[in-house]
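Okay, start-v1.cif now, which holds mmCIF, C-alpha atoms:
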```cif
data_my_file
loop_
_atom_site.group_PDB
_atom_site.id
_atom_site.type_symbol
_atom_site.label_atom_id
_atom_site.label_comp_id
_atom_site.auth_asym_id
_atom_site.auth_seq_id
_atom_site.Cartn_x
_atom_site.Cartn_y
_atom_site.Cartn_z
ATOM 1 C CA MET A 4 -119.170 46.725 -43.780
ATOM 2 C CA THR A 5 -118.987 43.446 -45.702
ATOM 3 C CA ASP A 6 -121.992 41.367 -46.705
ATOM 4 C CA LEU A 7 -121.048 38.830 -44.013
ATOM 5 C CA ASP A 8 -120.951 41.583 -41.382
ATOM 6 C CA ALA A 9 -124.383 42.703 -42.494
ATOM 7 C CA ARG A 10 -125.778 39.162 -42.240
ATOM 8 C CA VAL A 11 -124.335 38.711 -38.755
ATOM 9 C CA ARG A 12 -125.757 42.010 -37.558
ATOM 10 C CA ARG A 13 -129.175 41.139 -38.996
ATOM 11 C CA ALA A 14 -129.047 37.790 -37.167
ATOM 12 C CA LEU A 15 -128.214 39.618 -33.952
ATOM 13 C CA ASP A 16 -131.004 42.146 -34.446
ATOM 14 C CA ALA A 17 -133.539 39.347 -34.974
ATOM 15 C CA GLN A 18 -132.756 37.808 -31.565
ATOM 16 C CA HIS A 19 -133.739 39.099 -28.164
ATOM 17 C CA ALA A 20 -130.287 38.502 -26.743
ATOM 18 C CA PRO A 21 -128.788 40.644 -23.987
ATOM 19 C CA GLU A 22 -126.823 43.632 -25.261
ATOM 20 C CA SER A 23 -123.693 42.364 -23.505
ATOM 21 C CA LEU A 24 -123.870 39.082 -25.461
ATOM 22 C CA ARG A 25 -124.315 40.970 -28.725
ATOM 23 C CA ARG A 26 -121.281 43.185 -28.044
ATOM 24 C CA ARG A 27 -119.059 40.234 -27.066
ATOM 25 C CA THR A 28 -120.045 38.300 -30.186
ATOM 26 C CA LEU A 29 -119.288 41.177 -32.557
ATOM 27 C CA ALA A 30 -115.984 41.809 -30.776
ATOM 28 C CA ALA A 31 -115.039 38.143 -31.204
ATOM 29 C CA ILE A 32 -115.704 38.389 -34.929
ATOM 30 C CA GLU A 33 -113.484 41.473 -35.257
ATOM 31 C CA GLU A 34 -110.729 39.761 -33.275
ATOM 32 C CA ALA A 35 -110.943 36.646 -35.462
ATOM 33 C CA ARG A 36 -110.678 38.806 -38.583
ATOM 34 C CA ALA A 37 -107.580 40.624 -37.274
ATOM 35 C CA CYS A 38 -105.849 37.381 -36.361
ATOM 36 C CA GLN A 39 -106.628 35.705 -39.655
ATOM 37 C CA ASP A 40 -105.391 38.616 -41.771
ATOM 38 C CA GLY A 41 -101.826 38.090 -40.513
ATOM 39 C CA THR A 42 -101.734 34.310 -40.339
ATOM 40 C CA PRO A 43 -99.100 32.685 -42.583
ATOM 41 C CA ALA A 44 -99.761 29.612 -44.616
ATOM 42 C CA SER A 45 -99.770 26.284 -42.827
ATOM 43 C CA ALA A 46 -96.342 24.988 -41.960
ATOM 44 C CA SER A 47 -97.422 21.566 -43.133
ATOM 45 C CA GLU A 48 -97.528 22.694 -46.751
ATOM 46 C CA SER A 49 -94.595 20.958 -48.466
ATOM 47 C CA VAL A 50 -95.034 22.422 -51.947
ATOM 48 C CA PRO A 51 -93.690 25.958 -52.395
ATOM 49 C CA LEU A 52 -96.419 28.432 -53.220
ATOM 50 C CA THR A 53 -96.103 31.593 -55.235
ATOM 51 C CA PRO A 54 -96.754 34.914 -53.497
ATOM 52 C CA ALA A 55 -100.010 35.291 -55.456
ATOM 53 C CA VAL A 56 -101.284 31.880 -54.300
ATOM 54 C CA ARG A 57 -100.305 32.644 -50.718
ATOM 55 C CA ALA A 58 -102.118 35.977 -50.870
ATOM 56 C CA ALA A 59 -105.252 34.318 -52.246
ATOM 57 C CA ALA A 60 -105.126 31.665 -49.505
ATOM 58 C CA ARG A 61 -104.837 34.360 -46.856
ATOM 59 C CA ARG A 62 -107.916 36.080 -48.277
ATOM 60 C CA ARG A 63 -109.920 32.853 -48.279
ATOM 61 C CA ARG A 64 -109.028 31.769 -44.740
ATOM 62 C CA PRO A 65 -110.571 34.788 -42.972
ATOM 63 C CA ALA A 66 -113.729 34.414 -45.043
ATOM 64 C CA ARG A 67 -114.029 30.719 -44.132
ATOM 65 C CA ALA A 68 -113.304 31.404 -40.476
ATOM 66 C CA LEU A 69 -115.821 34.222 -40.303
ATOM 67 C CA ALA A 70 -118.447 32.143 -42.095
ATOM 68 C CA ALA A 71 -117.959 29.333 -39.557
ATOM 69 C CA LEU A 72 -118.106 31.824 -36.694
ATOM 70 C CA ALA A 73 -121.255 33.373 -38.124
ATOM 71 C CA ALA A 74 -122.875 29.938 -38.420
ATOM 72 C CA CYS A 75 -122.017 29.184 -34.793
ATOM 73 C CA LEU A 76 -123.404 32.569 -33.800
ATOM 74 C CA VAL A 77 -126.713 31.949 -35.539
ATOM 75 C CA LEU A 78 -127.017 28.521 -33.890
ATOM 76 C CA ALA A 79 -126.168 29.981 -30.477
ATOM 77 C CA LEU A 80 -128.694 32.785 -30.831
ATOM 78 C CA ALA A 81 -131.340 30.384 -32.115
ATOM 79 C CA GLY A 82 -130.742 28.253 -29.025
ATOM 80 C CA PHE A 83 -130.964 31.337 -26.828
ATOM 81 C CA GLY A 84 -134.262 32.311 -28.464
ATOM 82 C CA LEU A 85 -135.681 28.791 -28.082
ATOM 83 C CA HIS A 86 -134.659 28.763 -24.428
ATOM 84 C CA SER A 87 -136.460 32.075 -23.899
ATOM 85 C CA VAL A 88 -139.602 30.701 -25.569
ATOM 86 C CA TYR A 89 -139.407 27.544 -23.431
ATOM 87 C CA ARG A 90 -139.209 29.546 -20.193
ATOM 88 C CA GLU A 91 -142.122 31.865 -21.017
ATOM 89 C CA PRO A 92 -145.531 30.840 -19.575
ATOM 90 C CA VAL A 93 -148.475 31.215 -21.935
ATOM 91 C CA ALA A 94 -151.085 29.965 -19.438
ATOM 92 C CA PHE A 95 -151.507 30.062 -15.669
ATOM 93 C CA VAL A 96 -153.371 27.416 -13.685
ATOM 94 C CA GLY A 97 -154.483 28.493 -10.211
ATOM 95 C CA ILE A 98 -155.441 25.725 -7.777
ATOM 96 C CA ASP A 99 -157.252 26.844 -4.607
ATOM 97 C CA VAL A 100 -158.392 24.605 -1.753
ATOM 98 C CA ASN A 101 -156.862 25.770 1.452
ATOM 99 C CA PRO A 102 -153.442 25.638 -0.170
ATOM 100 C CA SER A 103 -153.233 28.032 -3.097
ATOM 101 C CA ILE A 104 -150.664 27.433 -5.831
ATOM 102 C CA GLU A 105 -150.210 28.684 -9.373
ATOM 103 C CA LEU A 106 -148.561 26.802 -12.232
ATOM 104 C CA GLY A 107 -147.096 28.548 -15.291
ATOM 105 C CA ILE A 108 -147.423 26.471 -18.470
ATOM 106 C CA ASN A 109 -145.335 27.124 -21.590
ATOM 107 C CA ARG A 110 -146.375 26.626 -25.216
ATOM 108 C CA PHE A 111 -145.012 23.059 -25.089
ATOM 109 C CA ASP A 112 -147.405 22.117 -22.243
ATOM 110 C CA ARG A 113 -144.563 22.050 -19.697
ATOM 111 C CA VAL A 114 -144.748 23.444 -16.190
ATOM 112 C CA VAL A 115 -142.077 26.157 -16.070
ATOM 113 C CA GLU A 116 -143.253 27.817 -12.852
ATOM 114 C CA ALA A 117 -144.742 26.396 -9.651
ATOM 115 C CA ARG A 118 -145.536 29.232 -7.250
ATOM 116 C CA PRO A 119 -147.052 28.990 -3.748
ATOM 117 C CA LEU A 120 -149.569 31.707 -2.872
ATOM 118 C CA ASN A 121 -149.933 30.959 0.846
ATOM 119 C CA ASP A 122 -148.188 28.977 3.577
ATOM 120 C CA ASP A 123 -150.142 25.777 2.895
ATOM 121 C CA GLY A 124 -149.289 26.101 -0.782
ATOM 122 C CA ARG A 125 -145.606 26.431 0.081
ATOM 123 C CA ALA A 126 -145.739 23.279 2.211
ATOM 124 C CA LEU A 127 -147.505 21.429 -0.594
ATOM 125 C CA LEU A 128 -144.884 22.369 -3.191
ATOM 126 C CA ASP A 129 -142.109 21.419 -0.776
ATOM 127 C CA ASP A 130 -143.443 17.853 -0.961
ATOM 128 C CA VAL A 131 -144.438 17.656 -4.633
ATOM 129 C CA THR A 132 -142.092 18.690 -7.447
ATOM 130 C CA LEU A 133 -144.021 19.851 -10.503
ATOM 131 C CA ALA A 134 -141.651 22.112 -12.456
ATOM 132 C CA GLY A 135 -140.312 20.500 -15.620
ATOM 133 C CA LEU A 136 -143.186 18.019 -15.970
ATOM 134 C CA SER A 137 -145.780 18.062 -18.712
ATOM 135 C CA TYR A 138 -149.049 19.506 -17.417
ATOM 136 C CA GLN A 139 -150.736 16.107 -17.516
ATOM 137 C CA GLU A 140 -147.884 14.577 -15.511
ATOM 138 C CA ALA A 141 -147.966 17.495 -13.074
ATOM 139 C CA ILE A 142 -151.704 17.422 -12.362
ATOM 140 C CA ASP A 143 -151.591 13.628 -11.973
ATOM 141 C CA ALA A 144 -148.603 13.875 -9.601
ATOM 142 C CA LEU A 145 -150.331 16.575 -7.555
ATOM 143 C CA THR A 146 -153.747 14.940 -7.244
ATOM 144 C CA THR A 147 -152.325 11.515 -6.355
ATOM 145 C CA SER A 148 -149.752 12.787 -3.853
ATOM 146 C CA ALA A 149 -149.946 12.116 -0.127
ATOM 147 C CA ALA A 150 -149.422 15.836 0.516
ATOM 148 C CA PHE A 151 -152.575 16.769 -1.431
ATOM 149 C CA ALA A 152 -154.772 13.983 -0.017
ATOM 150 C CA PRO A 153 -155.843 15.830 3.197
ATOM 151 C CA TYR A 154 -157.228 18.663 1.043
ATOM 152 C CA ALA A 155 -159.131 16.352 -1.305
ATOM 153 C CA ASP A 156 -161.444 14.546 1.116
ATOM 154 C CA ALA A 157 -165.225 14.417 0.856
ATOM 155 C CA GLY A 158 -165.692 17.686 2.726
ATOM 156 C CA SER A 159 -163.299 19.737 0.602
ATOM 157 C CA LEU A 160 -163.861 21.990 -2.374
ATOM 158 C CA VAL A 161 -161.103 22.437 -4.963
ATOM 159 C CA GLU A 162 -161.461 25.286 -7.445
ATOM 160 C CA VAL A 163 -159.199 25.593 -10.472
ATOM 161 C CA SER A 164 -158.983 28.669 -12.697
ATOM 162 C CA VAL A 165 -157.014 28.831 -15.948
ATOM 163 C CA ALA A 166 -155.980 32.175 -17.438
ATOM 164 C CA SER A 167 -154.556 32.385 -20.951
ATOM 165 C CA ALA A 168 -154.918 34.514 -24.056
ATOM 166 C CA ASP A 169 -155.225 31.172 -25.892
ATOM 167 C CA THR A 170 -158.793 30.128 -25.080
ATOM 168 C CA ALA A 171 -158.421 26.687 -26.657
ATOM 169 C CA LEU A 172 -155.381 26.007 -24.461
ATOM 170 C CA ALA A 173 -157.214 27.277 -21.363
ATOM 171 C CA ASP A 174 -160.176 24.996 -22.066
ATOM 172 C CA ARG A 175 -157.904 22.001 -22.622
ATOM 173 C CA LEU A 176 -155.994 22.560 -19.371
ATOM 174 C CA ALA A 177 -159.271 22.968 -17.473
ATOM 175 C CA ALA A 178 -160.593 19.723 -18.964
ATOM 176 C CA GLN A 179 -157.399 17.841 -18.039
ATOM 177 C CA THR A 180 -157.656 19.126 -14.473
ATOM 178 C CA ASP A 181 -161.329 18.243 -14.222
ATOM 179 C CA ALA A 182 -160.603 14.682 -15.355
ATOM 180 C CA ALA A 183 -157.853 14.306 -12.726
ATOM 181 C CA LEU A 184 -160.066 15.653 -9.934
ATOM 182 C CA GLU A 185 -162.973 13.392 -10.917
ATOM 183 C CA ALA A 186 -161.115 10.461 -9.340
ATOM 184 C CA LEU A 187 -161.029 12.186 -5.925
ATOM 185 C CA PRO A 188 -163.804 12.338 -3.308
ATOM 186 C CA CYS A 189 -163.664 16.141 -3.048
ATOM 187 C CA ASP A 190 -166.043 18.518 -4.790
ATOM 188 C CA HIS A 191 -164.389 20.555 -7.499
ATOM 189 C CA ALA A 192 -164.858 23.180 -10.174
ATOM 190 C CA CYS A 193 -162.586 23.923 -13.125
ATOM 191 C CA GLY A 194 -162.855 26.699 -15.656
ATOM 192 C CA SER A 195 -161.163 29.525 -17.506
ATOM 193 C CA VAL A 196 -161.092 33.201 -16.547
ATOM 194 C CA GLY A 197 -159.834 36.350 -18.200
ATOM 195 C CA THR A 198 -156.177 37.271 -17.881
ATOM 196 C CA GLU A 199 -157.202 40.475 -16.101
ATOM 197 C CA VAL A 200 -158.573 38.352 -13.246
ATOM 198 C CA ARG A 201 -155.189 36.723 -12.865
ATOM 199 C CA ASP A 202 -153.496 40.142 -12.822
ATOM 200 C CA GLN A 203 -155.846 41.405 -10.096
ATOM 201 C CA ALA A 204 -155.482 38.246 -8.019
ATOM 202 C CA SER A 205 -151.680 38.356 -8.283
ATOM 203 C CA ALA A 206 -151.668 41.993 -7.158
ATOM 204 C CA ALA A 207 -153.687 40.935 -4.109
ATOM 205 C CA GLY A 208 -151.374 37.957 -3.437
ATOM 206 C CA MET A 209 -154.227 35.451 -3.837
ATOM 207 C CA GLY A 210 -155.208 32.607 -6.125
ATOM 208 C CA MET A 211 -157.698 33.453 -8.853
ATOM 209 C CA ALA A 212 -160.649 31.473 -7.484
ATOM 210 C CA ARG A 213 -159.997 32.603 -3.908
ATOM 211 C CA TYR A 214 -159.727 36.235 -5.004
ATOM 212 C CA GLN A 215 -163.027 36.152 -6.891
ATOM 213 C CA ALA A 216 -164.811 34.387 -4.037
ATOM 214 C CA ALA A 217 -163.348 36.835 -1.510
ATOM 215 C CA GLN A 218 -164.538 39.796 -3.544
ATOM 216 C CA GLU A 219 -168.011 38.317 -3.736
ATOM 217 C CA LEU A 220 -168.148 37.643 0.007
ATOM 218 C CA VAL A 221 -166.868 41.120 0.939
ATOM 219 C CA ALA A 222 -169.565 42.631 -1.282
ATOM 220 C CA LEU A 223 -172.188 40.606 0.609
ATOM 221 C CA ASP A 224 -170.653 41.190 4.050
ATOM 222 C CA PRO A 225 -168.678 44.465 4.162
ATOM 223 C CA SER A 226 -167.595 43.730 7.742
ATOM 224 C CA LEU A 227 -165.072 41.263 6.269
ATOM 225 C CA THR A 228 -161.759 42.147 4.628
ATOM 226 C CA LEU A 229 -159.908 40.482 1.779
ATOM 227 C CA ASP A 230 -157.204 39.391 4.230
ATOM 228 C CA GLU A 231 -159.792 37.640 6.403
ATOM 229 C CA CYS A 232 -161.250 35.929 3.353
ATOM 230 C CA ALA A 233 -157.788 34.861 2.234
ATOM 231 C CA ALA A 234 -157.446 32.824 5.435
ATOM 232 C CA MET A 235 -160.629 30.820 4.707
ATOM 233 C CA SER A 236 -160.762 27.559 2.785
ATOM 234 C CA MET A 237 -162.690 27.527 -0.488
ATOM 235 C CA ARG A 238 -165.448 25.484 1.162
ATOM 236 C CA GLU A 239 -165.801 28.038 3.940
ATOM 237 C CA LEU A 240 -165.835 30.922 1.469
ATOM 238 C CA ARG A 241 -168.569 29.354 -0.638
ATOM 239 C CA ASP A 242 -170.637 28.394 2.405
ATOM 240 C CA ARG A 243 -170.379 31.954 3.752
ATOM 241 C CA ILE A 244 -171.367 33.359 0.354
ATOM 242 C CA SER A 245 -174.361 31.037 0.217
ATOM 243 C CA ALA A 246 -175.441 31.977 3.750
ATOM 244 C CA CYS A 247 -175.063 35.718 3.114
ATOM 245 C CA ALA A 248 -177.027 35.430 -0.099
ATOM 246 C CA GLY A 249 -179.918 33.974 1.934
ATOM 247 C CA HIS A 250 -179.673 30.402 0.754
ATOM 248 C CA GLY A 251 -178.609 28.864 4.036
ATOM 249 C CA GLU A 252 -176.619 25.645 3.668
ATOM 250 C CA SER A 253 -174.955 24.871 0.337
ATOM 251 C CA SER A 254 -177.018 22.713 -1.974
ATOM 252 C CA SER A 255 -176.741 21.379 -5.496
ATOM 253 C CA ASP A 256 -178.771 24.365 -6.711
ATOM 254 C CA ASP A 257 -176.657 27.127 -5.184
ATOM 255 C CA ALA A 258 -173.293 25.435 -4.761
ATOM 256 C CA PRO A 259 -170.142 27.165 -5.814
ATOM 257 C CA ALA A 260 -168.214 27.142 -8.971
ATOM 258 C CA GLY A 261 -168.434 24.620 -11.691
ATOM 259 C CA ALA A 262 -171.535 22.573 -12.003
ATOM 260 C CA GLY A 263 -173.649 24.536 -14.392
ATOM 261 C CA ARG A 264 -172.504 27.895 -13.014
ATOM 262 C CA GLY A 265 -169.066 28.519 -14.428
ATOM 263 C CA PRO A 266 -165.891 28.462 -12.351
ATOM 264 C CA HIS A 267 -167.091 30.952 -9.748
ATOM 265 C CA ALA A 268 -170.369 31.379 -7.953
ATOM 266 C CA GLY A 269 -172.518 34.033 -9.479
ATOM 267 C CA SER A 270 -170.451 34.280 -12.669
ATOM 268 C CA GLY A 271 -172.903 32.606 -15.014
ATOM 269 C CA ALA A 272 -175.620 30.041 -15.441
ATOM 270 C CA GLY A 273 -175.842 26.684 -17.173
ATOM 271 C CA GLU A 274 -177.387 23.269 -17.206
ATOM 272 C CA GLY A 275 -176.720 20.833 -14.348
ATOM 273 C CA ARG A 276 -176.764 17.079 -14.824
ATOM 274 C CA GLY A 277 -176.968 14.098 -12.488
ATOM 275 C CA ALA A 278 -177.640 13.654 -8.798
ATOM 276 C CA GLN A 279 -174.480 15.559 -7.917
ATOM 277 C CA GLY A 280 -175.353 18.521 -10.079
ATOM 278 C CA GLN A 281 -172.547 17.984 -12.525
ATOM 279 C CA GLY A 282 -172.662 20.200 -15.588
ATOM 280 C CA GLN A 283 -171.191 22.880 -17.728
ATOM 281 C CA GLY A 284 -172.106 26.463 -18.452
ATOM 282 C CA GLU A 285 -170.996 29.760 -19.854
ATOM 283 C CA GLY A 286 -170.089 32.473 -17.375
ATOM 284 C CA ALA A 287 -170.084 36.228 -17.602
ATOM 285 C CA GLY A 288 -167.112 37.723 -19.369
ATOM 286 C CA GLY A 289 -166.470 34.478 -21.229
ATOM 287 C CA SER A 290 -165.502 32.427 -18.188
ATOM 288 C CA HIS A 291 -166.842 28.919 -18.124
ATOM 289 C CA GLY A 292 -166.173 25.657 -16.415
ATOM 290 C CA HIS A 293 -167.291 22.323 -15.160
ATOM 291 C CA GLY A 294 -167.054 20.339 -11.977
ATOM 292 C CA ARG A 295 -168.807 18.413 -9.238
ATOM 293 C CA HIS A 296 -170.280 19.592 -5.983
ATOM 294 C CA GLY A 297 -172.292 18.003 -3.261
ATOM 295 C CA ALA A 298 -175.062 19.077 -1.001
#
```
Give the structure from the file, written as structure tokens.
Amino acid sequence: MTDLDARVRRALDAQHAPESLRRRTLAAIEEARACQDGTPASASESVPLTPAVRAAARRRRPARALAALAACLVLALAGFGLHSVYREPVAFVGIDVNPSIELGINRFDRVVEARPLNDDGRALLDDVTLAGLSYQEAIDALTTSAAFAPYADAGSLVEVSVASADTALADRLAAQTDAALEALPCDHACGSVGTEVRDQASAAGMGMARYQAAQELVALDPSLTLDECAAMSMRELRDRISACAGHGESSSDDAPAGAGRGPHAGSGAGEGRGAQGQGQGEGAGGSHGHGRHGA
């Protein structure tokens, strides 16, 4: 094996390319070498060359061709690796109202996945295209769309949960979402949760906030099932939780996620501010959030 072969194989080993692509690339190199070994000098050469010069030229041409092929290979594999990195989500943003959707965000802050989690979520994403946008563009497009407006009125509650191993990224995405929702009349709560919550919610086919609220309500009222809770809006879930907990109607002191209580009711405690109970707080398990809720 030549030094060039070794470099090419090391380049292949460093990339997470499909095995079929690796085999085809190495085969192409071998084929190029075989062809070049028997290629005569260019017919355009007008000056007669000695056999020694011709032999030296034949030795150089395969090396140059293989070097060029190797360079192309490295560039192709680098592009393949970059494409894989681009497509991989490093954070998930779950938005639950009555529609439930989940957005996958890559390390470049681009939406690479937009997934509906219920029928209303599917209808919403049919009307609003979010994939390919930066997260800021996506959350602005969603919250200002006509399709989202019926779910963002004064009687609605929007809960947003962000799951990522990168806590700084999760906090930033939650803050961007909170700022976008501040312009709407609905109540809202935004915060980060552990990635295990996202895994459990996905297994149940529910959004993160809806799943946590459903679990809480089922614990308070065992006559209910997760499927029944999944059919409720976030406002209904939080009102039922409040009633079962003995608080009666929702108020600024016992309202759901966000304002001084983390992203989900009962997950933590914090300091509320203002007539609407706006605030921030740390939740159990590291979850925390901010938002606005009404009486």
Exercise. Return as an NGL selection string the set of residues that the PyMOL selection byres ((chain A and resi 107-110) around 10) yields on the displayed structure.
Key: :A and (88-97 or 105-106 or 111-118 or 134-138 or 165-167 or 169 or 172 or 176)
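Residues captured in this structure file are Leu120, Asn121, Val200, Arg201, Asp202, Gln203, Ala204, Ser205, Ala206, Gly208, Met209, Gly210, Met211, Arg213, Tyr214, Gln215, Ala217, Gln218, Thr228, Leu229, Asp230, Cys232 and Ala233 of chain A, according to the PyMOL selection byres ((chain A and resi 207) around 12).
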Could you give me, as a tab-separated table, every segment 150-214 of chain A residue with an atom at most 8 Å from segment 234-238 of chain A, plus its closest atom pair and distance in Å to one decimal, counting only C-alpha atoms, rows ordered by chain then number?
```
residue	atom	partner	partner_atom	distance
A:Gly158	CA	A:Arg238	CA	8.0
A:Ser159	CA	A:Arg238	CA	6.2
A:Leu160	CA	A:Arg238	CA	5.2
A:Val161	CA	A:Met237	CA	7.0
A:Glu162	CA	A:Met237	CA	7.4
A:Arg213	CA	A:Met237	CA	6.7
```
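The space separating atom CA of Ile104 of chain A from atom CA of Glu185 of chain A comes to 19.4 Å.
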Practice problem: Would you work out the distance separating atom CA of Gly194 of chain A from atom CA of Ala212 of chain A, expressed in Å to one decimal? | Solution: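 We find that atom CA of Gly194 of chain A and atom CA of Ala212 of chain A lie 9.7 Å from each other.
The space separating atom CA of Pro188 of chain A from atom CA of Val100 of chain A comes to 13.5 Å.
Comparing the minimum interatomic distances between Ala141 of chain A and each of A:Ala168, A:Ala183, A:Ala178, A:Ala222, counting all atoms listed in the file, we find that A:Ala183 sits nearest.
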